[in-house]
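Visitor: Structure provided below as structure tokens; questions to follow.
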Amino acid sequence: MLVGHLAVGLAAKRVTPRVSLGTLVLAALLPDLLWCVFLLAGIERVEIRPGRGAANYLSASDIAFSHSLLMDAVWGGVLAAGYYFARRYARGAWMLLAAVMSHWLLDFVSHRPDMALAPGVHRYFGLGLWNSVGATVVVEGGMWLAAIIIYASATRPKGRMGVYAFWIVVVFLTLTWRANIAGPPPPSPSAMAIGSLIYFSCIMAWAYWMNRLRPLATIRCDANSGIPPAGRLGMPGGRSEA
């Protein structure tokens with residue numbers, strides 16, 4: 001699952017507006033980021049098989065340190081705790097934990113049975129949504145569309161850049177997602193990990209940028225100073241956190 005994870009980050013911004021969109025997307029993608037690092041370090045392993053679409057060419061039964069239920073809870077807890085100690089915003093910390101945990105749930109729905117409960121537990125789960133391109137387009141695509149609508153309606157762009165930079169990247173992400181579920185396999189696991197790490201990093205950078213270019217539509221600027229009223233969203237000046 002790809003845009004389904006991003007959908008969690010976009011939708012979560014509406015619920016916890018003080019948390020940067022970039023941080024929410026980081027939480028939603030954290031297991032995949034760790035998977036790239038662990039794969040390159042030789043801690044985890046995957047196999048590339050012939051076929052089109054990740055459901056056919058990717059065999060990932062040894063990814064328990066990044067994608068098991070227990071370790072996602074651990075990584076989510078570390079991220080949430082770090083955020084809470086830095087920002088003292090409990091609701092935001094809980095949302096970050098939930099976003100990380102949502103990764104296992106969404107992958108459980110989309111993957112074939114390769115999702116472990118914990119490292120060393122050799123029992124795997126997965127409903128295999130990705131086995132059907134049509135079902136994936138309907139379910140994951142529906143999540144993505146709903147999240148885009150939620151985020152776009154909750155924010156307002158700062159000039160044309162806030163419009164173009166958002167919608168162009170949304171189209172690009174949609175196209176790369178479609179290629180992921182029906183495209184050819186990568187040349188090697190290491191190439192896939194490097195490409196994915198660059199890709200996810202660019203997505204997070206874009207999300208942090210969008211947090212600045214598209215403030216919440218509920219913020220109203222003071223008529224004289226142009227500064228949002230103090231106290232909105234629980235932050236001085238009403239701004240969300242970077």
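Chain labels follow the order of the structure tokens: the first chain is A, the next B, and so on; residue numbering restarts at 1 in every chain, and ligands are counted from 1 in their shown order.
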Where in range 115-222 of chain A does DSSP assign alpha helix (DSSP H), given as a CSV table (one decimal) with N, CA, C and O atoms, in the first residue's frame?

Guide:
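Heads up, here's the output in states_16.csv:
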```csv
chain,number,residue,atom,x,y,z
A,133,VAL,N,-6.1,-6.0,-8.7
A,133,VAL,CA,-5.8,-4.6,-9.1
A,133,VAL,C,-7.1,-3.8,-9.0
A,133,VAL,O,-7.1,-2.7,-8.5
A,134,GLY,N,-8.2,-4.4,-9.4
A,134,GLY,CA,-9.5,-3.6,-9.4
A,134,GLY,C,-9.9,-3.3,-7.9
A,134,GLY,O,-10.3,-2.2,-7.6
A,135,ALA,N,-9.8,-4.3,-7.0
A,135,ALA,CA,-10.1,-4.0,-5.6
A,135,ALA,C,-9.2,-3.0,-5.0
A,135,ALA,O,-9.6,-2.2,-4.2
A,136,THR,N,-7.9,-3.1,-5.4
A,136,THR,CA,-7.0,-2.1,-4.8
A,136,THR,C,-7.3,-0.7,-5.3
A,136,THR,O,-7.3,0.2,-4.5
A,137,VAL,N,-7.6,-0.6,-6.5
A,137,VAL,CA,-8.0,0.8,-7.0
A,137,VAL,C,-9.2,1.3,-6.3
A,137,VAL,O,-9.3,2.5,-5.9
A,138,VAL,N,-10.2,0.4,-6.1
A,138,VAL,CA,-11.4,0.9,-5.4
A,138,VAL,C,-11.2,1.2,-3.9
A,138,VAL,O,-11.5,2.3,-3.5
A,139,VAL,N,-10.5,0.3,-3.2
A,139,VAL,CA,-10.3,0.5,-1.8
A,139,VAL,C,-9.3,1.6,-1.5
A,139,VAL,O,-9.5,2.6,-0.8
A,140,GLU,N,-8.1,1.3,-1.9
A,140,GLU,CA,-7.0,2.3,-1.6
A,140,GLU,C,-7.2,3.6,-2.4
A,140,GLU,O,-7.0,4.7,-1.8
A,141,GLY,N,-7.6,3.5,-3.6
A,141,GLY,CA,-7.9,4.7,-4.4
A,141,GLY,C,-9.0,5.5,-3.7
A,141,GLY,O,-9.0,6.7,-3.7
A,142,GLY,N,-10.0,4.8,-3.2
A,142,GLY,CA,-11.1,5.5,-2.5
A,142,GLY,C,-10.6,6.3,-1.2
A,142,GLY,O,-11.0,7.4,-0.9
A,143,MET,N,-9.7,5.6,-0.5
A,143,MET,CA,-9.1,6.3,0.7
A,143,MET,C,-8.3,7.5,0.3
A,143,MET,O,-8.4,8.6,0.9
A,144,TRP,N,-7.5,7.4,-0.8
A,144,TRP,CA,-6.7,8.5,-1.3
A,144,TRP,C,-7.6,9.6,-1.7
A,144,TRP,O,-7.3,10.8,-1.4
A,145,LEU,N,-8.6,9.4,-2.5
A,145,LEU,CA,-9.5,10.4,-2.9
A,145,LEU,C,-10.2,11.1,-1.8
A,145,LEU,O,-10.3,12.4,-1.7
A,146,ALA,N,-10.7,10.4,-0.8
A,146,ALA,CA,-11.3,10.9,0.4
A,146,ALA,C,-10.3,11.8,1.2
A,146,ALA,O,-10.7,12.9,1.6
A,147,ALA,N,-9.1,11.4,1.3
A,147,ALA,CA,-8.1,12.1,2.1
A,147,ALA,C,-7.8,13.4,1.3
A,147,ALA,O,-7.6,14.5,2.0
A,148,ILE,N,-7.6,13.4,0.0
A,148,ILE,CA,-7.4,14.6,-0.8
A,148,ILE,C,-8.5,15.6,-0.6
A,148,ILE,O,-8.2,16.8,-0.4
A,149,ILE,N,-9.7,15.1,-0.6
A,149,ILE,CA,-10.9,16.0,-0.5
A,149,ILE,C,-10.9,16.6,0.9
A,149,ILE,O,-11.1,17.9,1.1
A,150,ILE,N,-10.6,15.8,1.9
A,150,ILE,CA,-10.6,16.3,3.3
A,150,ILE,C,-9.5,17.4,3.5
A,150,ILE,O,-9.8,18.4,4.1
A,151,TYR,N,-8.3,17.1,3.0
A,151,TYR,CA,-7.2,18.0,3.2
A,151,TYR,C,-7.4,19.3,2.4
A,151,TYR,O,-7.2,20.4,2.9
A,152,ALA,N,-7.8,19.1,1.1
A,152,ALA,CA,-8.0,20.3,0.3
A,152,ALA,C,-9.1,21.2,0.8
A,152,ALA,O,-9.0,22.5,0.7
A,153,SER,N,-10.1,20.6,1.4
A,153,SER,CA,-11.2,21.5,1.9
A,153,SER,C,-10.9,22.1,3.2
A,153,SER,O,-11.5,23.1,3.6
A,154,ALA,N,-9.9,21.5,4.0
A,154,ALA,CA,-9.6,22.0,5.3
A,154,ALA,C,-8.4,23.1,5.2
A,154,ALA,O,-8.2,23.7,6.2
A,159,GLY,N,-1.4,31.7,-2.4
A,159,GLY,CA,-1.0,32.0,-3.7
A,159,GLY,C,-1.0,30.8,-4.7
A,159,GLY,O,-1.5,29.7,-4.3
A,160,ARG,N,-0.6,31.0,-5.9
A,160,ARG,CA,-0.6,29.9,-6.9
A,160,ARG,C,0.3,28.7,-6.5
A,160,ARG,O,-0.1,27.6,-6.9
A,161,MET,N,1.4,29.0,-5.9
A,161,MET,CA,2.3,27.9,-5.6
A,161,MET,C,1.6,26.9,-4.7
A,161,MET,O,1.8,25.6,-4.8
A,162,GLY,N,0.8,27.3,-3.7
A,162,GLY,CA,0.0,26.4,-2.9
A,162,GLY,C,-1.0,25.6,-3.6
A,162,GLY,O,-1.4,24.5,-3.1
A,163,VAL,N,-1.4,26.0,-4.8
A,163,VAL,CA,-2.3,25.2,-5.6
A,163,VAL,C,-1.5,24.3,-6.5
A,163,VAL,O,-1.7,23.1,-6.5
A,164,TYR,N,-0.6,24.8,-7.3
A,164,TYR,CA,0.1,24.0,-8.3
A,164,TYR,C,1.0,22.9,-7.6
A,164,TYR,O,1.0,21.8,-8.0
A,165,ALA,N,1.7,23.3,-6.6
A,165,ALA,CA,2.6,22.4,-5.9
A,165,ALA,C,1.9,21.3,-5.2
A,165,ALA,O,2.4,20.1,-5.1
A,166,PHE,N,0.6,21.5,-4.9
A,166,PHE,CA,-0.2,20.5,-4.2
A,166,PHE,C,-0.7,19.5,-5.3
A,166,PHE,O,-0.5,18.3,-5.3
A,167,TRP,N,-1.4,20.1,-6.3
A,167,TRP,CA,-2.1,19.2,-7.2
A,167,TRP,C,-1.2,18.5,-8.2
A,167,TRP,O,-1.5,17.3,-8.6
A,168,ILE,N,-0.1,19.1,-8.6
A,168,ILE,CA,0.8,18.4,-9.5
A,168,ILE,C,1.4,17.2,-8.8
A,168,ILE,O,1.5,16.1,-9.4
A,169,VAL,N,1.8,17.4,-7.5
A,169,VAL,CA,2.4,16.2,-6.8
A,169,VAL,C,1.3,15.2,-6.5
A,169,VAL,O,1.6,14.0,-6.5
A,170,VAL,N,0.1,15.6,-6.2
A,170,VAL,CA,-1.0,14.6,-6.0
A,170,VAL,C,-1.2,13.7,-7.3
A,170,VAL,O,-1.3,12.5,-7.2
A,171,VAL,N,-1.1,14.4,-8.5
A,171,VAL,CA,-1.2,13.6,-9.7
A,171,VAL,C,0.0,12.7,-9.9
A,171,VAL,O,-0.2,11.5,-10.2
A,172,PHE,N,1.2,13.2,-9.6
A,172,PHE,CA,2.4,12.4,-9.7
A,172,PHE,C,2.3,11.2,-8.7
A,172,PHE,O,2.6,10.0,-9.1
A,173,LEU,N,1.9,11.4,-7.5
A,173,LEU,CA,1.8,10.3,-6.5
A,173,LEU,C,0.8,9.3,-7.0
A,173,LEU,O,1.0,8.0,-6.8
A,174,THR,N,-0.3,9.7,-7.6
A,174,THR,CA,-1.4,8.8,-8.1
A,174,THR,C,-0.8,7.9,-9.2
A,174,THR,O,-1.1,6.7,-9.3
A,175,LEU,N,-0.1,8.5,-10.1
A,175,LEU,CA,0.5,7.8,-11.2
A,175,LEU,C,1.6,6.8,-10.7
A,175,LEU,O,1.6,5.6,-11.2
A,176,THR,N,2.4,7.2,-9.8
A,176,THR,CA,3.4,6.2,-9.3
A,176,THR,C,2.8,5.1,-8.5
A,176,THR,O,3.3,4.0,-8.5
A,177,TRP,N,1.7,5.4,-7.8
A,177,TRP,CA,0.9,4.3,-7.1
A,177,TRP,C,0.4,3.3,-8.1
A,177,TRP,O,0.5,2.1,-7.9
A,178,ARG,N,-0.2,3.9,-9.2
A,178,ARG,CA,-0.7,3.0,-10.2
A,178,ARG,C,0.4,2.1,-10.8
A,178,ARG,O,0.1,0.9,-11.1
A,179,ALA,N,1.5,2.7,-11.0
A,179,ALA,CA,2.6,1.9,-11.6
A,179,ALA,C,3.1,0.8,-10.5
A,179,ALA,O,3.5,-0.3,-10.9
A,180,ASN,N,3.0,1.1,-9.3
A,180,ASN,CA,3.4,0.2,-8.2
A,180,ASN,C,2.5,-1.0,-8.2
A,180,ASN,O,3.0,-2.1,-7.8
A,181,ILE,N,1.3,-0.9,-8.5
A,181,ILE,CA,0.4,-2.0,-8.4
A,181,ILE,C,0.2,-2.8,-9.7
A,181,ILE,O,-0.4,-3.9,-9.7
A,182,ALA,N,0.8,-2.3,-10.8
A,182,ALA,CA,0.7,-3.0,-12.0
A,182,ALA,C,1.9,-2.9,-12.9
A,182,ALA,O,1.9,-3.5,-14.0
A,189,PRO,N,16.7,-5.9,-5.1
A,189,PRO,CA,16.2,-5.4,-3.8
A,189,PRO,C,16.9,-4.1,-3.3
A,189,PRO,O,16.3,-3.2,-2.8
A,190,SER,N,18.2,-4.0,-3.5
A,190,SER,CA,18.9,-2.8,-3.1
A,190,SER,C,18.5,-1.6,-3.9
A,190,SER,O,18.4,-0.5,-3.4
A,191,ALA,N,18.3,-1.8,-5.2
A,191,ALA,CA,17.9,-0.7,-6.1
A,191,ALA,C,16.5,-0.2,-5.6
A,191,ALA,O,16.2,1.0,-5.6
A,192,MET,N,15.6,-1.2,-5.3
A,192,MET,CA,14.3,-0.9,-4.8
A,192,MET,C,14.4,-0.1,-3.5
A,192,MET,O,13.7,0.9,-3.3
A,193,ALA,N,15.3,-0.5,-2.6
A,193,ALA,CA,15.4,0.2,-1.3
A,193,ALA,C,15.9,1.6,-1.5
A,193,ALA,O,15.4,2.6,-0.9
A,194,ILE,N,16.9,1.8,-2.3
A,194,ILE,CA,17.5,3.1,-2.5
A,194,ILE,C,16.5,4.0,-3.2
A,194,ILE,O,16.2,5.2,-2.8
A,195,GLY,N,15.8,3.5,-4.2
A,195,GLY,CA,14.8,4.3,-4.9
A,195,GLY,C,13.6,4.7,-4.0
A,195,GLY,O,13.1,5.8,-4.0
A,196,SER,N,13.2,3.7,-3.2
A,196,SER,CA,12.1,4.0,-2.3
A,196,SER,C,12.5,5.0,-1.2
A,196,SER,O,11.7,5.9,-0.8
A,197,LEU,N,13.7,4.9,-0.7
A,197,LEU,CA,14.1,5.8,0.3
A,197,LEU,C,14.2,7.3,-0.2
A,197,LEU,O,13.7,8.2,0.5
A,198,ILE,N,14.7,7.4,-1.4
A,198,ILE,CA,14.6,8.8,-2.0
A,198,ILE,C,13.2,9.2,-2.3
A,198,ILE,O,12.9,10.4,-2.0
A,199,TYR,N,12.4,8.3,-2.8
A,199,TYR,CA,11.0,8.7,-3.0
A,199,TYR,C,10.3,9.1,-1.8
A,199,TYR,O,9.6,10.2,-1.7
A,200,PHE,N,10.4,8.3,-0.7
A,200,PHE,CA,9.7,8.6,0.5
A,200,PHE,C,10.2,9.9,1.1
A,200,PHE,O,9.5,10.7,1.7
A,201,SER,N,11.5,10.2,1.0
A,201,SER,CA,12.1,11.4,1.6
A,201,SER,C,11.6,12.6,0.8
A,201,SER,O,11.3,13.6,1.5
A,202,CYS,N,11.4,12.5,-0.5
A,202,CYS,CA,10.9,13.6,-1.2
A,202,CYS,C,9.4,13.9,-0.9
A,202,CYS,O,9.0,15.0,-0.8
A,203,ILE,N,8.7,12.8,-0.6
A,203,ILE,CA,7.3,13.0,-0.2
A,203,ILE,C,7.2,13.7,1.1
A,203,ILE,O,6.4,14.6,1.3
A,204,MET,N,8.1,13.4,2.1
A,204,MET,CA,8.0,14.0,3.4
A,204,MET,C,8.4,15.5,3.2
A,204,MET,O,7.8,16.4,3.9
A,205,ALA,N,9.5,15.8,2.4
A,205,ALA,CA,9.9,17.2,2.2
A,205,ALA,C,8.7,18.0,1.6
A,205,ALA,O,8.4,19.1,2.0
A,206,TRP,N,8.0,17.4,0.6
A,206,TRP,CA,6.8,18.0,0.0
A,206,TRP,C,5.8,18.3,1.1
A,206,TRP,O,5.1,19.3,1.1
A,207,ALA,N,5.5,17.3,2.0
A,207,ALA,CA,4.5,17.5,3.0
A,207,ALA,C,4.8,18.6,4.0
A,207,ALA,O,4.0,19.4,4.4
A,208,TYR,N,6.1,18.7,4.4
A,208,TYR,CA,6.5,19.8,5.2
A,208,TYR,C,6.3,21.2,4.5
A,208,TYR,O,5.9,22.2,5.1
A,209,TRP,N,6.6,21.2,3.2
A,209,TRP,CA,6.4,22.4,2.4
A,209,TRP,C,5.0,22.7,2.3
A,209,TRP,O,4.6,23.9,2.4
A,210,MET,N,4.1,21.7,2.1
A,210,MET,CA,2.7,22.0,2.0
A,210,MET,C,2.1,22.6,3.3
A,210,MET,O,1.2,23.4,3.3
A,211,ASN,N,2.7,22.1,4.4
A,211,ASN,CA,2.3,22.7,5.7
A,211,ASN,C,2.4,24.2,5.8
A,211,ASN,O,1.7,24.9,6.5
A,212,ARG,N,3.4,24.7,5.1
A,212,ARG,CA,3.6,26.2,5.0
A,212,ARG,C,2.8,26.8,3.9
A,212,ARG,O,2.4,28.0,4.1
A,213,LEU,N,2.7,26.1,2.8
A,213,LEU,CA,2.0,26.7,1.7
A,213,LEU,C,0.4,26.6,1.8
A,213,LEU,O,-0.3,27.4,1.1
```

Visitor: Give me the range 31-137 of chain A side of the contact with range 9-24 of chain A, cut-off 12 Å, one line per residue showing its nearest atom pair and distance in Å at one decimal, counting only C-alpha atoms, sorted by chain and residue number, as JSON lines.

Guide:
```
{"residue": "A:Gly76", "atom": "CA", "partner": "A:Leu24", "partner_atom": "CA", "distance": 11.4}
{"residue": "A:Leu79", "atom": "CA", "partner": "A:Thr23", "partner_atom": "CA", "distance": 9.7}
{"residue": "A:Ala80", "atom": "CA", "partner": "A:Thr23", "partner_atom": "CA", "distance": 10.5}
{"residue": "A:Gly82", "atom": "CA", "partner": "A:Thr23", "partner_atom": "CA", "distance": 11.8}
{"residue": "A:Tyr83", "atom": "CA", "partner": "A:Thr23", "partner_atom": "CA", "distance": 9.3}
{"residue": "A:Tyr84", "atom": "CA", "partner": "A:Val19", "partner_atom": "CA", "distance": 11.0}
{"residue": "A:Ala86", "atom": "CA", "partner": "A:Val19", "partner_atom": "CA", "distance": 11.9}
{"residue": "A:Arg87", "atom": "CA", "partner": "A:Val19", "partner_atom": "CA", "distance": 9.4}
{"residue": "A:Arg88", "atom": "CA", "partner": "A:Arg18", "partner_atom": "CA", "distance": 11.3}
{"residue": "A:Tyr89", "atom": "CA", "partner": "A:Arg18", "partner_atom": "CA", "distance": 8.6}
{"residue": "A:Ala90", "atom": "CA", "partner": "A:Thr16", "partner_atom": "CA", "distance": 10.3}
{"residue": "A:Arg91", "atom": "CA", "partner": "A:Thr16", "partner_atom": "CA", "distance": 7.2}
{"residue": "A:Gly92", "atom": "CA", "partner": "A:Thr16", "partner_atom": "CA", "distance": 6.0}
{"residue": "A:Ala93", "atom": "CA", "partner": "A:Val19", "partner_atom": "CA", "distance": 8.9}
{"residue": "A:Trp94", "atom": "CA", "partner": "A:Thr16", "partner_atom": "CA", "distance": 9.8}
{"residue": "A:Met95", "atom": "CA", "partner": "A:Thr16", "partner_atom": "CA", "distance": 7.3}
{"residue": "A:Leu96", "atom": "CA", "partner": "A:Leu24", "partner_atom": "CA", "distance": 6.3}
{"residue": "A:Leu97", "atom": "CA", "partner": "A:Leu24", "partner_atom": "CA", "distance": 9.7}
{"residue": "A:Ala98", "atom": "CA", "partner": "A:Ala12", "partner_atom": "CA", "distance": 9.6}
{"residue": "A:Ala99", "atom": "CA", "partner": "A:Gly9", "partner_atom": "CA", "distance": 7.1}
{"residue": "A:Val100", "atom": "CA", "partner": "A:Leu24", "partner_atom": "CA", "distance": 9.0}
{"residue": "A:Ser102", "atom": "CA", "partner": "A:Gly9", "partner_atom": "CA", "distance": 10.2}
{"residue": "A:His103", "atom": "CA", "partner": "A:Gly9", "partner_atom": "CA", "distance": 10.8}
```

Visitor: So that I can see what lies close to range 111-115 of chain A, please list as a count of residues only the residues with an atom at most 10 Å from it, counting only C-alpha atoms and leaving out residues fewer than 4 positions away in the same chain.

Guide: 28

Visitor: To one decimal in Å, tell me the separation between CA of Val121 in chain A and CA of Met71 in chain A.

Guide: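 Computed distance, CA of Val121 in chain A to CA of Met71 in chain A, equals 12.0 Å.
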
Visitor: How many Å separate CA of Leu2 in chain A from CA of Arg156 in chain A?

Guide: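 If I compute the distance from CA of Leu2 in chain A to CA of Arg156 in chain A, I get 25.1 Å.
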
Visitor: Determine which residues of range 37-173 of chain A receive a DSSP assignment of strand (DSSP E), computed from the backbone, and state them as number ranges by chain.

Guide: A: 45-48, 58-62, 115-116, 124-125

Visitor: Take the residues that were just selected and, keeping N, CA, C and O atoms, output them as an mmCIF file, in the first residue's frame.

Guide:
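Saved as part15.cif:
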```
data_model
loop_
_atom_site.group_PDB
_atom_site.id
_atom_site.type_symbol
_atom_site.label_atom_id
_atom_site.label_comp_id
_atom_site.auth_asym_id
_atom_site.auth_seq_id
_atom_site.Cartn_x
_atom_site.Cartn_y
_atom_site.Cartn_z
ATOM 1 N N ARG A 45 15.256 -8.849 4.593
ATOM 2 C CA ARG A 45 15.459 -9.354 3.241
ATOM 3 C C ARG A 45 14.118 -9.477 2.511
ATOM 4 O O ARG A 45 13.102 -9.791 3.124
ATOM 5 N N VAL A 46 14.182 -9.246 1.222
ATOM 6 C CA VAL A 46 13.033 -9.496 0.343
ATOM 7 C C VAL A 46 13.558 -10.180 -0.914
ATOM 8 O O VAL A 46 14.755 -10.133 -1.207
ATOM 9 N N GLU A 47 12.653 -10.786 -1.646
ATOM 10 C CA GLU A 47 13.002 -11.418 -2.915
ATOM 11 C C GLU A 47 12.189 -10.767 -4.031
ATOM 12 O O GLU A 47 11.017 -10.434 -3.851
ATOM 13 N N ILE A 48 12.834 -10.589 -5.173
ATOM 14 C CA ILE A 48 12.167 -10.065 -6.363
ATOM 15 C C ILE A 48 11.905 -11.226 -7.316
ATOM 16 O O ILE A 48 12.828 -11.939 -7.723
ATOM 17 N N LEU A 58 7.022 -9.044 -5.417
ATOM 18 C CA LEU A 58 7.674 -8.801 -4.137
ATOM 19 C C LEU A 58 7.312 -9.889 -3.125
ATOM 20 O O LEU A 58 6.147 -10.091 -2.801
ATOM 21 N N SER A 59 8.328 -10.600 -2.636
ATOM 22 C CA SER A 59 8.162 -11.565 -1.555
ATOM 23 C C SER A 59 8.873 -11.017 -0.331
ATOM 24 O O SER A 59 10.101 -10.909 -0.310
ATOM 25 N N ALA A 60 8.099 -10.650 0.702
ATOM 26 C CA ALA A 60 8.662 -9.915 1.842
ATOM 27 C C ALA A 60 8.259 -10.574 3.151
ATOM 28 O O ALA A 60 7.536 -9.986 3.964
ATOM 29 N N SER A 61 8.751 -11.776 3.386
ATOM 30 C CA SER A 61 8.402 -12.481 4.622
ATOM 31 C C SER A 61 9.412 -12.249 5.744
ATOM 32 O O SER A 61 9.227 -12.756 6.846
ATOM 33 N N ASP A 62 10.484 -11.490 5.460
ATOM 34 C CA ASP A 62 11.508 -11.231 6.480
ATOM 35 C C ASP A 62 11.647 -9.725 6.696
ATOM 36 O O ASP A 62 12.689 -9.123 6.454
ATOM 37 N N MET A 115 2.795 -10.501 6.967
ATOM 38 C CA MET A 115 2.863 -9.533 8.059
ATOM 39 C C MET A 115 2.961 -10.278 9.393
ATOM 40 O O MET A 115 2.039 -10.993 9.789
ATOM 41 N N ALA A 116 4.099 -10.101 10.081
ATOM 42 C CA ALA A 116 4.335 -10.805 11.341
ATOM 43 C C ALA A 116 3.794 -10.022 12.525
ATOM 44 O O ALA A 116 3.597 -8.801 12.459
ATOM 45 N N TYR A 124 2.295 -15.577 9.948
ATOM 46 C CA TYR A 124 2.130 -14.379 9.140
ATOM 47 C C TYR A 124 0.675 -14.180 8.738
ATOM 48 O O TYR A 124 -0.085 -15.145 8.600
ATOM 49 N N PHE A 125 0.329 -12.907 8.536
ATOM 50 C CA PHE A 125 -1.059 -12.548 8.266
ATOM 51 C C PHE A 125 -1.128 -11.606 7.068
ATOM 52 O O PHE A 125 -0.181 -10.885 6.766
#
```

Visitor: Between CA of Cys36 in chain A and CA of Pro119 in chain A, what is the distance, to one decimal in Å?

Guide: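 CA of Pro119 in chain A lies 17.0 Å from CA of Cys36 in chain A.
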
Visitor: Which is closer to Glu44 in chain A than all the others in A:Ser66, A:Phe85, A:Asp32, A:Tyr57, using only C-alpha atoms?

Guide: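 Of the candidates, the smallest distance to Glu44 in chain A is held by A:Ser66.
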